[in-house]
>>> print(open('coords.cif').read())   # mmCIF, C-alpha atoms and all ligand atoms
data_my_file
loop_
_atom_site.group_PDB
_atom_site.id
_atom_site.type_symbol
_atom_site.label_atom_id
_atom_site.label_comp_id
_atom_site.auth_asym_id
_atom_site.auth_seq_id
_atom_site.Cartn_x
_atom_site.Cartn_y
_atom_site.Cartn_z
ATOM 1 C CA MET F 1 125.841 29.873 52.682
ATOM 2 C CA PRO F 2 127.232 28.143 49.579
ATOM 3 C CA SER F 3 130.947 28.567 48.855
ATOM 4 C CA ARG F 4 132.057 31.968 47.649
ATOM 5 C CA ILE F 5 134.424 30.252 45.256
ATOM 6 C CA ILE F 6 132.807 29.019 42.078
ATOM 7 C CA ASP F 7 135.227 26.662 40.437
ATOM 8 C CA SER F 8 132.810 24.415 38.608
ATOM 9 C CA PRO F 9 129.567 25.270 36.838
ATOM 10 C CA ARG F 10 126.511 25.378 39.111
ATOM 11 C CA ASN F 11 123.409 27.420 39.790
ATOM 12 C CA VAL F 12 124.130 30.628 41.652
ATOM 13 C CA ASP F 13 121.614 32.691 43.580
ATOM 14 C CA LEU F 14 123.212 35.944 44.707
ATOM 15 C CA SER F 15 120.656 36.407 47.469
ATOM 16 C CA ASP F 16 122.400 33.501 49.247
ATOM 17 C CA TYR F 17 125.382 35.780 49.806
ATOM 18 C CA ASP F 18 125.464 38.591 52.327
ATOM 19 C CA PRO F 19 127.300 41.643 50.933
ATOM 20 C CA ASP F 20 127.801 42.871 54.518
ATOM 21 C CA ASP F 21 129.796 39.828 55.629
ATOM 22 C CA THR F 22 133.167 40.305 57.261
ATOM 23 C CA ASP F 23 133.686 36.682 58.293
ATOM 24 C CA GLY F 24 134.231 37.689 61.881
ATOM 25 C CA VAL F 25 137.114 40.043 61.087
ATOM 26 C CA LYS F 26 136.973 43.305 63.037
ATOM 27 C CA HIS F 27 137.499 46.636 61.323
ATOM 28 C CA LYS F 28 140.219 47.601 63.782
ATOM 29 C CA GLU F 29 142.250 44.515 62.817
ATOM 30 C CA ALA F 30 142.042 45.354 59.133
ATOM 31 C CA ASP F 31 144.896 47.833 58.743
ATOM 32 C CA ALA F 32 147.535 45.552 60.222
ATOM 33 C CA LEU F 33 146.272 42.558 58.250
ATOM 34 C CA GLN F 34 146.136 44.556 55.065
ATOM 35 C CA ALA F 35 149.715 45.790 55.455
ATOM 36 C CA LYS F 36 150.920 42.220 55.952
ATOM 37 C CA LEU F 37 149.081 40.936 52.911
ATOM 38 C CA GLU F 38 150.215 43.856 50.750
ATOM 39 C CA ALA F 39 153.832 43.058 51.585
ATOM 40 C CA LYS F 40 153.186 39.431 50.687
ATOM 41 C CA LEU F 41 151.641 40.341 47.345
ATOM 42 C CA GLN F 42 154.496 42.702 46.600
ATOM 43 C CA ARG F 43 157.000 39.905 47.152
ATOM 44 C CA GLN F 44 154.957 37.454 45.088
ATOM 45 C CA GLN F 45 154.752 39.887 42.199
ATOM 46 C CA GLU F 46 158.513 40.341 42.272
ATOM 47 C CA LEU F 47 158.974 36.592 42.039
ATOM 48 C CA LEU F 48 156.350 36.276 39.291
ATOM 49 C CA TYR F 49 158.116 38.972 37.308
ATOM 50 C CA GLY F 50 161.594 37.585 37.834
ATOM 51 C CA ALA F 51 160.727 33.957 37.147
ATOM 52 C CA GLY F 52 158.706 34.911 34.053
ATOM 53 C CA LYS F 53 157.019 31.529 33.876
ATOM 54 C CA GLN F 54 153.423 32.468 34.646
ATOM 55 C CA SER F 55 151.238 35.530 34.305
ATOM 56 C CA VAL F 56 148.375 36.714 36.490
ATOM 57 C CA LEU F 57 145.035 38.005 35.288
ATOM 58 C CA VAL F 58 142.657 39.692 37.715
ATOM 59 C CA VAL F 59 139.146 40.346 36.391
ATOM 60 C CA LEU F 60 137.031 42.856 38.336
ATOM 61 C CA GLN F 61 133.289 42.983 37.782
ATOM 62 C CA GLY F 62 130.464 44.492 39.757
ATOM 63 C CA MET F 63 127.544 46.885 39.597
ATOM 64 C CA ASP F 64 128.282 50.618 39.325
ATOM 65 C CA THR F 65 129.925 51.875 42.562
ATOM 66 C CA ALA F 66 130.782 48.303 43.606
ATOM 67 C CA GLY F 67 134.386 49.409 44.081
ATOM 68 C CA LYS F 68 136.373 48.319 41.048
ATOM 69 C CA ASP F 69 138.438 51.513 41.024
ATOM 70 C CA GLY F 70 138.880 51.447 44.800
ATOM 71 C CA THR F 71 140.080 47.861 44.665
ATOM 72 C CA ILE F 72 142.706 48.718 42.083
ATOM 73 C CA LYS F 73 143.882 51.695 44.134
ATOM 74 C CA HIS F 74 144.038 49.914 47.486
ATOM 75 C CA VAL F 75 144.761 46.271 46.738
ATOM 76 C CA MET F 76 147.466 46.997 44.216
ATOM 77 C CA ASN F 77 149.117 49.506 46.513
ATOM 78 C CA GLY F 78 152.734 48.421 46.609
ATOM 79 C CA VAL F 79 152.663 46.313 43.462
ATOM 80 C CA ASN F 80 155.464 47.396 41.135
ATOM 81 C CA PRO F 81 153.848 49.275 38.217
ATOM 82 C CA ALA F 82 156.578 47.984 35.914
ATOM 83 C CA GLY F 83 155.051 44.540 36.181
ATOM 84 C CA CYS F 84 151.388 45.389 36.138
ATOM 85 C CA HIS F 85 148.919 46.793 33.616
ATOM 86 C CA VAL F 86 145.391 47.987 34.284
ATOM 87 C CA TRP F 87 142.934 47.873 31.384
ATOM 88 C CA ASN F 88 139.499 49.491 31.413
ATOM 89 C CA PHE F 89 136.907 48.060 29.063
ATOM 90 C CA LYS F 90 134.252 50.582 28.095
ATOM 91 C CA VAL F 91 131.571 50.730 25.423
ATOM 92 C CA PRO F 92 133.262 49.083 22.420
ATOM 93 C CA THR F 93 134.563 51.316 19.634
ATOM 94 C CA PRO F 94 133.348 50.741 16.053
ATOM 95 C CA GLU F 95 136.604 48.921 15.337
ATOM 96 C CA GLU F 96 136.138 46.659 18.350
ATOM 97 C CA LEU F 97 132.534 45.982 17.380
ATOM 98 C CA ALA F 98 133.677 44.968 13.924
ATOM 99 C CA HIS F 99 135.559 42.038 15.501
ATOM 100 C CA ASP F 100 134.574 39.116 17.691
ATOM 101 C CA PHE F 101 133.866 40.095 21.311
ATOM 102 C CA LEU F 102 137.086 38.576 22.627
ATOM 103 C CA TRP F 103 139.341 40.408 20.180
ATOM 104 C CA ARG F 104 139.918 43.532 22.265
ATOM 105 C CA VAL F 105 140.359 41.527 25.428
ATOM 106 C CA HIS F 106 142.842 39.033 24.039
ATOM 107 C CA GLN F 107 145.167 41.869 23.071
ATOM 108 C CA ARG F 108 145.388 42.882 26.728
ATOM 109 C CA THR F 109 146.039 39.517 28.356
ATOM 110 C CA PRO F 110 149.266 39.480 30.370
ATOM 111 C CA ALA F 111 152.597 38.239 29.028
ATOM 112 C CA ASN F 112 154.699 35.838 31.099
ATOM 113 C CA GLY F 113 155.891 37.525 34.280
ATOM 114 C CA MET F 114 153.233 40.222 34.098
ATOM 115 C CA MET F 115 150.075 40.957 35.986
ATOM 116 C CA ALA F 116 147.026 42.461 34.270
ATOM 117 C CA ILE F 117 143.916 43.841 35.887
ATOM 118 C CA PHE F 118 140.734 44.067 33.880
ATOM 119 C CA ASN F 119 138.400 46.812 35.096
ATOM 120 C CA ARG F 120 135.308 45.318 33.434
ATOM 121 C CA SER F 121 136.019 42.666 30.859
ATOM 122 C CA HIS F 122 134.651 40.236 28.284
ATOM 123 C CA TYR F 123 131.906 39.518 30.853
ATOM 124 C CA GLU F 124 130.197 42.757 29.814
ATOM 125 C CA ASP F 125 129.274 40.827 26.686
ATOM 126 C CA VAL F 126 126.995 38.572 28.741
ATOM 127 C CA LEU F 127 125.948 41.327 31.199
ATOM 128 C CA VAL F 128 125.115 44.770 29.798
ATOM 129 C CA VAL F 129 124.737 43.217 26.359
ATOM 130 C CA ARG F 130 122.196 40.719 27.693
ATOM 131 C CA VAL F 131 120.323 43.169 29.913
ATOM 132 C CA HIS F 132 119.904 45.665 27.069
ATOM 133 C CA ASN F 133 119.409 43.147 24.269
ATOM 134 C CA LEU F 134 122.340 44.551 22.342
ATOM 135 C CA VAL F 135 122.591 41.278 20.442
ATOM 136 C CA PRO F 136 120.006 38.483 20.104
ATOM 137 C CA LYS F 137 119.806 35.855 22.838
ATOM 138 C CA GLU F 138 121.178 33.140 20.484
ATOM 139 C CA VAL F 139 124.348 35.203 20.229
ATOM 140 C CA TRP F 140 125.034 36.023 23.876
ATOM 141 C CA HIS F 141 123.946 32.590 25.005
ATOM 142 C CA GLU F 142 126.770 30.965 23.035
ATOM 143 C CA ARG F 143 129.261 33.227 24.731
ATOM 144 C CA TYR F 144 129.488 31.379 28.057
ATOM 145 C CA ASP F 145 131.134 28.422 26.344
ATOM 146 C CA LEU F 146 133.277 30.703 24.217
ATOM 147 C CA ILE F 147 134.446 32.498 27.379
ATOM 148 C CA ASN F 148 135.229 29.223 29.131
ATOM 149 C CA ASN F 149 137.261 28.050 26.158
ATOM 150 C CA PHE F 150 139.068 31.379 25.901
ATOM 151 C CA GLU F 151 139.987 31.341 29.579
ATOM 152 C CA HIS F 152 141.054 27.725 29.249
ATOM 153 C CA LEU F 153 143.425 28.766 26.502
ATOM 154 C CA LEU F 154 144.904 31.469 28.748
ATOM 155 C CA ALA F 155 145.276 29.060 31.665
ATOM 156 C CA HIS F 156 146.871 26.530 29.329
ATOM 157 C CA ASN F 157 149.417 29.229 28.552
ATOM 158 C CA ASN F 158 150.232 29.572 32.280
ATOM 159 C CA THR F 159 147.974 32.479 33.148
ATOM 160 C CA ILE F 160 146.723 32.305 36.718
ATOM 161 C CA ILE F 161 143.199 33.707 36.560
ATOM 162 C CA PHE F 162 141.196 35.357 39.354
ATOM 163 C CA LYS F 163 137.708 36.675 38.697
ATOM 164 C CA PHE F 164 136.229 38.819 41.434
ATOM 165 C CA PHE F 165 132.572 39.770 41.573
ATOM 166 C CA LEU F 166 132.258 42.718 43.950
ATOM 167 C CA HIS F 167 128.919 42.041 45.570
ATOM 168 C CA ILE F 168 127.116 45.095 46.976
ATOM 169 C CA SER F 169 123.484 45.498 47.972
ATOM 170 C CA LYS F 170 121.050 47.740 46.146
ATOM 171 C CA ASP F 171 120.766 49.945 49.200
ATOM 172 C CA GLU F 172 124.539 50.304 49.473
ATOM 173 C CA GLN F 173 124.661 51.410 45.838
ATOM 174 C CA ARG F 174 122.070 54.078 46.564
ATOM 175 C CA GLN F 175 124.095 55.353 49.534
ATOM 176 C CA ARG F 176 127.248 55.483 47.452
ATOM 177 C CA LEU F 177 125.584 57.315 44.556
ATOM 178 C CA LEU F 178 124.104 59.859 46.944
ATOM 179 C CA ALA F 179 127.433 60.268 48.742
ATOM 180 C CA ARG F 180 129.073 61.158 45.440
ATOM 181 C CA GLU F 181 126.647 64.049 45.041
ATOM 182 C CA ASP F 182 127.822 65.453 48.379
ATOM 183 C CA ASP F 183 131.507 64.991 47.767
ATOM 184 C CA ALA F 184 133.053 67.566 45.436
ATOM 185 C CA ASP F 185 136.084 65.303 44.936
ATOM 186 C CA LYS F 186 133.940 62.420 43.768
ATOM 187 C CA ALA F 187 131.268 64.286 41.804
ATOM 188 C CA TRP F 188 133.202 63.755 38.550
ATOM 189 C CA LYS F 189 132.273 60.092 38.834
ATOM 190 C CA LEU F 190 128.561 60.856 38.718
ATOM 191 C CA SER F 191 126.571 59.927 35.664
ATOM 192 C CA VAL F 192 122.884 59.969 34.860
ATOM 193 C CA ALA F 193 123.410 56.501 33.447
ATOM 194 C CA ASP F 194 124.181 55.141 36.925
ATOM 195 C CA TRP F 195 120.645 55.889 38.134
ATOM 196 C CA GLN F 196 119.172 54.656 34.873
ATOM 197 C CA GLU F 197 121.071 51.386 35.025
ATOM 198 C CA ARG F 198 119.913 50.907 38.605
ATOM 199 C CA LYS F 199 116.407 50.346 37.263
ATOM 200 C CA TYR F 200 117.716 47.130 35.755
ATOM 201 C CA TRP F 201 119.160 45.916 39.057
ATOM 202 C CA ASP F 202 117.279 42.594 39.085
ATOM 203 C CA ASP F 203 118.111 41.870 35.461
ATOM 204 C CA TYR F 204 121.781 42.518 36.188
ATOM 205 C CA GLN F 205 121.709 40.281 39.259
ATOM 206 C CA ALA F 206 120.231 37.486 37.136
ATOM 207 C CA ALA F 207 122.795 38.050 34.393
ATOM 208 C CA TYR F 208 125.614 38.021 36.966
ATOM 209 C CA ALA F 209 124.284 34.848 38.561
ATOM 210 C CA ASP F 210 124.417 33.125 35.180
ATOM 211 C CA ALA F 211 127.841 34.479 34.286
ATOM 212 C CA LEU F 212 129.241 33.299 37.623
ATOM 213 C CA GLY F 213 127.458 29.971 37.555
ATOM 214 C CA LYS F 214 128.246 29.081 33.952
ATOM 215 C CA CYS F 215 131.799 30.415 33.844
ATOM 216 C CA GLY F 216 133.099 29.298 37.220
ATOM 217 C CA THR F 217 135.803 26.777 36.319
ATOM 218 C CA HIS F 218 138.775 25.326 38.123
ATOM 219 C CA TRP F 219 141.100 27.065 35.657
ATOM 220 C CA ALA F 220 139.338 30.421 36.081
ATOM 221 C CA PRO F 221 137.302 30.502 39.287
ATOM 222 C CA TRP F 222 134.929 33.261 40.296
ATOM 223 C CA TYR F 223 135.096 34.671 43.812
ATOM 224 C CA ILE F 224 132.014 36.357 45.251
ATOM 225 C CA VAL F 225 133.428 39.207 47.319
ATOM 226 C CA PRO F 226 131.319 40.702 50.120
ATOM 227 C CA ALA F 227 131.837 44.320 49.124
ATOM 228 C CA ASN F 228 129.519 46.513 51.191
ATOM 229 C CA LYS F 229 132.406 47.159 53.583
ATOM 230 C CA LYS F 230 135.265 48.513 51.531
ATOM 231 C CA TRP F 231 137.923 47.534 54.042
ATOM 232 C CA TYR F 232 136.742 43.915 54.035
ATOM 233 C CA ARG F 233 136.462 43.825 50.255
ATOM 234 C CA ASN F 234 140.142 44.807 50.056
ATOM 235 C CA LEU F 235 141.188 42.259 52.649
ATOM 236 C CA PHE F 236 139.199 39.479 51.032
ATOM 237 C CA ILE F 237 140.777 40.105 47.636
ATOM 238 C CA LEU F 238 144.295 40.399 49.024
ATOM 239 C CA GLN F 239 143.823 37.211 51.001
ATOM 240 C CA THR F 240 142.519 35.346 47.956
ATOM 241 C CA LEU F 241 145.338 36.511 45.707
ATOM 242 C CA THR F 242 148.137 35.809 48.155
ATOM 243 C CA GLU F 243 146.779 32.428 49.212
ATOM 244 C CA ARG F 244 146.624 31.084 45.687
ATOM 245 C CA LEU F 245 149.878 32.646 44.545
ATOM 246 C CA ALA F 246 151.642 31.155 47.579
ATOM 247 C CA SER F 247 151.563 27.740 45.893
ATOM 248 C CA PHE F 248 153.841 29.077 43.139
ATOM 249 C CA GLU F 249 156.318 30.884 45.369
ATOM 250 C CA LYS F 250 158.656 27.936 45.947
ATOM 251 C CA ASP F 251 158.930 27.241 42.257
ATOM 252 C CA TRP F 252 159.533 30.904 41.401
ATOM 253 C CA SER F 253 162.188 31.278 44.115
ATOM 254 C CA ALA F 254 163.951 28.098 42.961
ATOM 255 C CA GLU F 255 163.936 29.378 39.386
ATOM 256 C CA LEU F 256 165.464 32.694 40.429
ATOM 257 C CA GLU F 257 168.048 31.032 42.651
ATOM 258 C CA GLU F 258 169.089 28.708 39.856
ATOM 259 C CA ARG F 259 169.320 31.568 37.409
ATOM 260 C CA GLY F 260 171.369 33.574 39.883
ATOM 261 C CA LYS F 261 173.815 30.696 40.256
ATOM 262 C CA GLN F 262 174.167 30.362 36.499
ATOM 263 C CA GLU F 263 174.787 34.075 36.042
ATOM 264 C CA LEU F 264 177.396 34.113 38.813
ATOM 265 C CA ALA F 265 179.146 31.092 37.324
ATOM 266 C CA ALA F 266 179.146 32.761 33.891
ATOM 267 C CA LEU F 267 180.527 35.952 35.417
ATOM 268 C CA HIS F 268 183.363 34.115 37.118
ATOM 269 C CA ALA F 269 184.169 32.113 34.007
ATOM 270 C CA ALA F 270 184.240 35.246 31.848
ATOM 271 C CA ASN F 271 186.474 37.025 34.333
ATOM 272 C CA VAL F 272 185.080 40.380 33.246
ATOM 273 C CA HIS F 273 185.987 42.530 36.280
ATOM 274 C CA ASP F 274 188.442 45.248 35.399
ATOM 275 C CA GLU F 275 191.057 46.818 37.658
ATOM 276 C CA THR F 276 189.441 50.233 38.176
HETATM 277 P P1 LIG F 301 133.139 52.584 34.773
HETATM 278 O O1 LIG F 301 131.686 52.543 35.126
HETATM 279 O O2 LIG F 301 133.715 51.231 34.497
HETATM 280 O O3 LIG F 301 133.940 53.392 35.751
HETATM 281 P P2 LIG F 301 132.233 54.058 32.521
HETATM 282 O O4 LIG F 301 131.345 54.899 33.367
HETATM 283 O O5 LIG F 301 132.914 54.689 31.347
HETATM 284 O O6 LIG F 301 133.320 53.353 33.396
HETATM 285 O O7 LIG F 301 131.376 52.828 32.037
HETATM 286 C C1 LIG F 301 131.797 51.968 31.092
HETATM 287 C C2 LIG F 301 130.553 51.480 30.391
HETATM 288 O O8 LIG F 301 130.925 50.653 29.304
HETATM 289 C C3 LIG F 301 129.651 50.650 31.299
HETATM 290 O O9 LIG F 301 128.368 51.162 31.290
HETATM 291 C C4 LIG F 301 129.685 49.274 30.652
HETATM 292 O O10 LIG F 301 128.497 48.574 30.798
HETATM 293 C C5 LIG F 301 129.980 49.643 29.213
HETATM 294 N N1 LIG F 301 130.532 48.507 28.471
HETATM 295 C C6 LIG F 301 131.674 47.838 28.723
HETATM 296 N N2 LIG F 301 131.805 46.823 27.859
HETATM 297 C C7 LIG F 301 130.746 46.854 27.048
HETATM 298 C C8 LIG F 301 130.316 46.051 25.960
HETATM 299 N N3 LIG F 301 131.022 45.007 25.534
HETATM 300 N N4 LIG F 301 129.165 46.383 25.338
HETATM 301 C C9 LIG F 301 128.448 47.450 25.751
HETATM 302 N N5 LIG F 301 128.783 48.234 26.778
HETATM 303 C C10 LIG F 301 129.923 47.945 27.418
#
>>> encode(input="coords.cif", output="C-alpha cells", more="lines below")
Ligand code: ADP
Amino acid sequence: MPSRIIDSPRNVDLSDYDPDDTDGVKHKEADALQAKLEAKLQRQQELLYGAGKQSVLVVLQGMDTAGKDGTIKHVMNGVNPAGCHVWNFKVPTPEELAHDFLWRVHQRTPANGMMAIFNRSHYEDVLVVRVHNLVPKEVWHERYDLINNFEHLLAHNNTIIFKFFLHISKDEQRQRLLAREDDADKAWKLSVADWQERKYWDDYQAAYADALGKCGTHWAPWYIVPANKKWYRNLFILQTLTERLASFEKDWSAELEERGKQELAALHAANVHDET
C-alpha cells in the first residue's frame, strides 16, 4: 500500500487503500490509547494557545456519513473550547458566491494560538463543484494551484495544517445511511440528497483522488484515514495530530517558561503586593 500521507503531488488511486484497516491495533486496546492521546492533545493545545506563535488548521473531508461530525465530537473531546473554533462550510450563500471561492474560507482561518476545524472546506470547490459541473472545467481546474498557494500562504504565517480524508467504502456508507433510518436519534441527519449523491460515488472518488494527489504538499499534507471503523478513525487522527504537534512542544514550553520568568521578575520589581 502506498503511504497514507500525501506530502508531495502524485497520482492517487483510492482503491489502493483499505478503509477497514486498523494497522494491527485491536479494538479492546483503543479506549486506553485514545484516553492517552486525548490527554496529550489537550496539553499540546494549551501550549499552542499560551505560546501564541503558531495556529493549527484541521480540514475534514469525506463522503456523506464518513464521520466528520463524529471526529469533531470524539477527537476534540477535552480540547479547550476557548482555543478552538469549528466551521461548517455548506452550499455557498449568494454573498459568498459573489466572491472568489477562498473568500469565505480565509475569514475562518485560525489566529495565532488558535485551532480551527473545517467541517468541509475550500476542497468542495474541486469536489461537489466538479462532480456537478457547477462551474466550467477551466475554472475548477485552476483551483488546485490556487489552493496550494493559499495553503502555502497560511503555512508561511505559521499555520500548521492537517487535511484528513475520511475514507469509507461504498458499502459502509449504505450501512450507515440505513442505520440512520432505524435510529430515532439520528434520523434528523437523513436527507434524500445523501442517496442521490451516492449515485455519483465513482465521480466523487475520482475527484477526491485528484484533490489529494494535486494538493498534497509538505506544508499542507493530506492524510488518508481508514474510516470504516470509527474507533480506529479517531485513533488514527489523534495519533497524527499529536505526533506532528510534538515537534513544537519544546519550543512552546520554552516560550511559556521564559514569559513566566519575565512576568515574575516584573512583579517583584514592581513590588505590587499589598498588606491585606
Ligand atoms: P453535512 O453533510 O456537511 O453534514 P449538509 O448536509 O448541510 O452538511 O451538506 C452541506 C452541503 O453543502 C454538501 O452537500 C456540500 O457538498 C455542499 N457544499 C459545501 N461547499 C460547497 C460549495 N462550495 N459549492 C457547492 N456546494 C457546497
>>> residues_near_ligand(input="coords.cif", ligand="ligand LIG 301 (chain F)", cutoff="6 Å", atoms="all atoms listed in the file", output="PDB file with C-alpha atoms, in the coordinates of the input")
ATOM      1  CA  ASP F  64     128.282  50.618  39.325  1.00  0.00           C
ATOM      2  CA  PHE F  89     136.907  48.060  29.063  1.00  0.00           C
ATOM      3  CA  LYS F  90     134.252  50.582  28.095  1.00  0.00           C
ATOM      4  CA  VAL F  91     131.571  50.730  25.423  1.00  0.00           C
ATOM      5  CA  PRO F  92     133.262  49.083  22.420  1.00  0.00           C
ATOM      6  CA  GLU F 124     130.197  42.757  29.814  1.00  0.00           C
ATOM      7  CA  ASP F 125     129.274  40.827  26.686  1.00  0.00           C
ATOM      8  CA  VAL F 128     125.115  44.770  29.798  1.00  0.00           C
ATOM      9  CA  VAL F 129     124.737  43.217  26.359  1.00  0.00           C
TER      10      VAL F 129
END
>>> closest_residue(input="coords.cif", among="F:Asp7, F:Ile224, F:Arg233, F:Ala254", to="F:Tyr208", atoms="only C-alpha atoms")
F:Ile224
>>> resolve_selection(input="coords.cif", expression="the PyMOL selection byres (((chain F and resi 49) around 10) and not hetatm)", output="ChimeraX atom specification")
/F:43-48,50-55,80,82-84,111-115,252
>>> resolve_selection(input="coords.cif", expression="the PyMOL selection byres (((chain F and resi 220) around 7) and not hetatm)", output="JSON, numbers by chain")
{"F": [151, 161, 162, 163, 216, 217, 218, 219, 221, 222]}
>>> resolve_selection(input="coords.cif", expression="the PyMOL selection byres (((chain F and resi 12) around 12) and not hetatm)", output="JSON, numbers by chain")
{"F": [1, 2, 3, 4, 5, 6, 7, 8, 9, 10, 11, 13, 14, 15, 16, 17, 205, 206, 207, 208, 209, 210, 211, 212, 213, 214, 215, 216, 222, 223, 224]}
>>> atom_distance(input="coords.cif", atom1="atom CA of F:Glu197", atom2="atom CA of F:Gly67")
16.2 Å
>>> residues_around(input="coords.cif", residues="F:Leu127", least_positions_apart="4", cutoff="12 Å", atoms="all atoms listed in the file", output="ChimeraX atom specification")
/F:61-63,120-123,131-135,137,140-141,143-144,197,200-212
>>> axis_aligned_box(input="coords.cif", around="stretch 67-86 of chain F", padding_each_side="6 Å", output="AutoDock Vina command-line options")
--center_x 145.5 --center_y 48.1 --center_z 40.6 --size_x 34.2 --size_y 19.2 --size_z 25.9
>>> atom_distance(input="coords.cif", atom1="atom CA of F:Ala246", atom2="atom CA of F:Asn148")
24.8 Å
>>> residues_around(input="coords.cif", residues="F:Ser169", least_positions_apart="2", cutoff="8 Å", atoms="only C-alpha atoms", output="PDB file with C-alpha atoms, keeping the file's coordinate frame")
ATOM      1  CA  PRO F  19     127.300  41.643  50.933  1.00  0.00           C
ATOM      2  CA  HIS F 167     128.919  42.041  45.570  1.00  0.00           C
ATOM      3  CA  ASP F 171     120.766  49.945  49.200  1.00  0.00           C
ATOM      4  CA  GLU F 172     124.539  50.304  49.473  1.00  0.00           C
ATOM      5  CA  GLN F 173     124.661  51.410  45.838  1.00  0.00           C
ATOM      6  CA  ASN F 228     129.519  46.513  51.191  1.00  0.00           C
TER       7      ASN F 228
END
>>> atom_distance(input="coords.cif", atom1="atom CA of F:Leu146", atom2="atom CA of F:Leu102")
8.9 Å
>>> residues_around(input="coords.cif", residues="F:Thr242", least_positions_apart="4", cutoff="10 Å", atoms="only C-alpha atoms", output="list in words")
Leu37, Glu38, Ala39, Lys40, Leu41, Gln42, Arg43, Gln44, Gln45, Ile237, Leu238, Ala246, Ser247 and Glu249 of chain F
>>> write_last_selection(input="coords.cif", atoms="C-alpha atoms", output="mmCIF file, in the coordinates of the input")
data_model
loop_
_atom_site.group_PDB
_atom_site.id
_atom_site.type_symbol
_atom_site.label_atom_id
_atom_site.label_comp_id
_atom_site.auth_asym_id
_atom_site.auth_seq_id
_atom_site.Cartn_x
_atom_site.Cartn_y
_atom_site.Cartn_z
ATOM 1 C CA LEU F 37 149.081 40.936 52.911
ATOM 2 C CA GLU F 38 150.215 43.856 50.750
ATOM 3 C CA ALA F 39 153.832 43.058 51.585
ATOM 4 C CA LYS F 40 153.186 39.431 50.687
ATOM 5 C CA LEU F 41 151.641 40.341 47.345
ATOM 6 C CA GLN F 42 154.496 42.702 46.600
ATOM 7 C CA ARG F 43 157.000 39.905 47.152
ATOM 8 C CA GLN F 44 154.957 37.454 45.088
ATOM 9 C CA GLN F 45 154.752 39.887 42.199
ATOM 10 C CA ILE F 237 140.777 40.105 47.636
ATOM 11 C CA LEU F 238 144.295 40.399 49.024
ATOM 12 C CA ALA F 246 151.642 31.155 47.579
ATOM 13 C CA SER F 247 151.563 27.740 45.893
ATOM 14 C CA GLU F 249 156.318 30.884 45.369
#
>>> decode(input="coords.cif", residues="stretch 42-46 of chain F", atoms="all heavy atoms", output="PDB file, in the first residue's frame")
ATOM      1  N   GLN F  42      -4.697  17.624  24.540  1.00  0.00           N
ATOM      2  CA  GLN F  42      -5.174  18.674  25.439  1.00  0.00           C
ATOM      3  C   GLN F  42      -4.007  19.548  25.903  1.00  0.00           C
ATOM      4  O   GLN F  42      -4.076  20.764  25.881  1.00  0.00           O
ATOM      5  CB  GLN F  42      -5.818  17.992  26.642  1.00  0.00           C
ATOM      6  CG  GLN F  42      -6.829  18.822  27.366  1.00  0.00           C
ATOM      7  CD  GLN F  42      -7.480  17.972  28.456  1.00  0.00           C
ATOM      8  OE1 GLN F  42      -7.484  16.737  28.399  1.00  0.00           O
ATOM      9  NE2 GLN F  42      -8.003  18.624  29.450  1.00  0.00           N
ATOM     10  N   ARG F  43      -2.934  18.865  26.291  1.00  0.00           N
ATOM     11  CA  ARG F  43      -1.731  19.566  26.764  1.00  0.00           C
ATOM     12  C   ARG F  43      -1.111  20.389  25.625  1.00  0.00           C
ATOM     13  O   ARG F  43      -0.727  21.540  25.804  1.00  0.00           O
ATOM     14  CB  ARG F  43      -0.751  18.509  27.295  1.00  0.00           C
ATOM     15  CG  ARG F  43       0.658  18.942  27.497  1.00  0.00           C
ATOM     16  CD  ARG F  43       0.868  19.520  28.877  1.00  0.00           C
ATOM     17  NE  ARG F  43       2.223  20.051  29.034  1.00  0.00           N
ATOM     18  CZ  ARG F  43       2.477  21.248  29.521  1.00  0.00           C
ATOM     19  NH1 ARG F  43       1.514  22.043  29.911  1.00  0.00           N
ATOM     20  NH2 ARG F  43       3.726  21.668  29.644  1.00  0.00           N
ATOM     21  N   GLN F  44      -1.059  19.788  24.442  1.00  0.00           N
ATOM     22  CA  GLN F  44      -0.465  20.487  23.301  1.00  0.00           C
ATOM     23  C   GLN F  44      -1.274  21.729  22.953  1.00  0.00           C
ATOM     24  O   GLN F  44      -0.723  22.767  22.609  1.00  0.00           O
ATOM     25  CB  GLN F  44      -0.386  19.546  22.093  1.00  0.00           C
ATOM     26  CG  GLN F  44       0.695  18.487  22.257  1.00  0.00           C
ATOM     27  CD  GLN F  44       0.648  17.420  21.172  1.00  0.00           C
ATOM     28  OE1 GLN F  44      -0.381  17.196  20.544  1.00  0.00           O
ATOM     29  NE2 GLN F  44       1.766  16.741  20.969  1.00  0.00           N
ATOM     30  N   GLN F  45      -2.587  21.614  23.051  1.00  0.00           N
ATOM     31  CA  GLN F  45      -3.418  22.774  22.709  1.00  0.00           C
ATOM     32  C   GLN F  45      -3.213  23.901  23.711  1.00  0.00           C
ATOM     33  O   GLN F  45      -3.187  25.074  23.351  1.00  0.00           O
ATOM     34  CB  GLN F  45      -4.894  22.384  22.659  1.00  0.00           C
ATOM     35  CG  GLN F  45      -5.754  23.497  22.082  1.00  0.00           C
ATOM     36  CD  GLN F  45      -7.076  23.667  22.796  1.00  0.00           C
ATOM     37  OE1 GLN F  45      -7.402  22.915  23.708  1.00  0.00           O
ATOM     38  NE2 GLN F  45      -7.829  24.662  22.390  1.00  0.00           N
ATOM     39  N   GLU F  46      -3.022  23.533  24.977  1.00  0.00           N
ATOM     40  CA  GLU F  46      -2.760  24.531  26.000  1.00  0.00           C
ATOM     41  C   GLU F  46      -1.480  25.293  25.687  1.00  0.00           C
ATOM     42  O   GLU F  46      -1.415  26.512  25.793  1.00  0.00           O
ATOM     43  CB  GLU F  46      -2.586  23.806  27.338  1.00  0.00           C
ATOM     44  CG  GLU F  46      -3.563  24.211  28.408  1.00  0.00           C
ATOM     45  CD  GLU F  46      -3.418  23.258  29.589  1.00  0.00           C
ATOM     46  OE1 GLU F  46      -2.350  23.243  30.241  1.00  0.00           O
ATOM     47  OE2 GLU F  46      -4.384  22.525  29.796  1.00  0.00           O
TER      48      GLU F  46
END
